[in-house]
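Contents: one structure, followed by commentary.
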Amino acid sequence: MKPLTPSAALGEVVGAKPLPRTEVTKKVWEYIKKHKLQNPENKRNIDADDKLKAIFGGKKQVTMFEMTKLISAHLS
């Protein structure tokens, strides 16, 4: 996979240097688990903090599948 450059908002979570898409997703999951942002009632939902809201288009909660699509928009 070729390295992609994260946007400034995504860079706040995964770092600013170019990474393969798989590595970006892995780092976002590490961030979610570290900050306990997985919804306890439904683990498929992510409860966004301020940094993730910037990536998720202002949404307070997204599904895992929605998250991957939203992250893609922040990679170039």
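Ordering of the structure tokens sets the chain letters (A, B, ...), residue numbers begin anew at 1 in every chain, and ligands are numbered from 1 in the order given.
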Apply DSSP to the backbone of this structure and, from stretch 5-62 of chain A, keep only the residues in helix (DSSP H, G or I); write these as a CSV table (one decimal) with C-alpha atoms, in the first residue's frame.
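Below is the file part.csv, written as the result:
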chain,number,residue,atom,x,y,z
A,8,ALA,CA,-4.3,18.4,9.5
A,9,ALA,CA,-7.3,17.1,11.5
A,10,LEU,CA,-6.4,13.4,11.0
A,11,GLY,CA,-2.8,14.3,11.7
A,12,GLU,CA,-3.8,15.3,15.2
A,13,VAL,CA,-4.7,11.6,15.8
A,14,VAL,CA,-2.2,9.6,13.7
A,21,ARG,CA,-4.3,3.4,4.7
A,22,THR,CA,-4.1,0.2,6.8
A,23,GLU,CA,-1.7,1.9,9.2
A,24,VAL,CA,-3.9,5.0,9.5
A,25,THR,CA,-6.9,2.8,10.4
A,26,LYS,CA,-4.8,0.9,13.0
A,27,LYS,CA,-3.6,4.1,14.6
A,28,VAL,CA,-7.2,5.5,14.8
A,29,TRP,CA,-8.3,2.3,16.5
A,30,GLU,CA,-5.4,2.6,19.0
A,31,TYR,CA,-6.6,6.2,19.7
A,32,ILE,CA,-10.2,5.0,20.2
A,33,LYS,CA,-9.2,2.2,22.6
A,34,LYS,CA,-6.7,4.4,24.5
A,50,ASP,CA,-13.3,16.8,19.8
A,51,LYS,CA,-10.4,15.5,17.6
A,52,LEU,CA,-12.5,12.7,16.1
A,53,LYS,CA,-15.5,15.1,15.5
A,54,ALA,CA,-13.2,17.1,13.2
A,55,ILE,CA,-12.5,13.9,11.2
Note to self: Quick one: residues within 10 Å of A:Asn42, only C-alpha atoms, excluding same-chain residues fewer than 4 positions away - as a VMD selection string?
What the structure shows: chain A and resid 38 46 63
Would you save the residues from that selection as a tab-separated table (two decimals), in the first residue's frame, using N, CA, C and O atoms?
chain	number	residue	atom	x	y	z
A	38	GLN	N	-15.15	3.67	22.36
A	38	GLN	CA	-16.09	2.70	21.80
A	38	GLN	C	-17.33	2.71	22.69
A	38	GLN	O	-17.22	2.68	23.92
A	46	ILE	N	-18.67	4.34	17.50
A	46	ILE	CA	-17.57	5.12	18.06
A	46	ILE	C	-18.14	6.45	18.54
A	46	ILE	O	-18.77	7.17	17.77
A	63	THR	N	-20.56	4.67	13.01
A	63	THR	CA	-20.32	3.23	13.06
A	63	THR	C	-18.91	2.96	12.55
A	63	THR	O	-18.29	3.83	11.94
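Secondary structure by DSSP on the backbone puts the following residues of chain A in strand (DSSP E): Asn45, Ile46, Asp47, Gln61, Val62 and Thr63 of chain A.
Using only C-alpha atoms, the shortest contact distance between A:Lys60 and any of A:Met1, A:Ser7, A:Lys17, A:Asp47 is found at A:Asp47.
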Notebook entry, point to check: What's the 10 Å shell around A:Ser76, counting only C-alpha atoms, without same-chain residues fewer than 2 positions away, as number ranges by chain?
Noted result: A: 3-7, 18, 72-74
Output file for the residues above (C-alpha atoms, as a PDB file, in the first residue's frame):
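What ended up in selection.pdb:
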ATOM      1  CA  PRO A   3       1.692   5.972   1.893  1.00  0.00           C
ATOM      2  CA  LEU A   4      -0.983   8.677   1.950  1.00  0.00           C
ATOM      3  CA  THR A   5      -0.726  12.071   3.623  1.00  0.00           C
ATOM      4  CA  PRO A   6      -3.289  12.711   6.396  1.00  0.00           C
ATOM      5  CA  SER A   7      -5.155  16.024   6.608  1.00  0.00           C
ATOM      6  CA  PRO A  18       2.477   9.789   5.191  1.00  0.00           C
ATOM      7  CA  SER A  72     -10.617   8.156   3.528  1.00  0.00           C
ATOM      8  CA  ALA A  73     -11.777  11.706   2.839  1.00  0.00           C
ATOM      9  CA  HIS A  74      -8.868  12.935   5.009  1.00  0.00           C
TER      10      HIS A  74
END
Item checked: Point-to-point distance in Å for atom CA of A:Ile71 and atom CA of A:Ala16 -> 14.1 Å
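Considering the residues A:Gly58, A:Lys2, A:Met64, A:His35 and counting only C-alpha atoms, A:Leu19 has its shortest atom-to-atom contact with A:Lys2.
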Notebook entry, point to check: Can you tell me how far atom CA of A:Val62 sits from atom CA of A:Leu37, in Å to one decimal?
Noted result: 10.8 Å
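Between atom CA of A:Pro20 and atom CA of A:Asn39 lies a distance of 26.8 Å.
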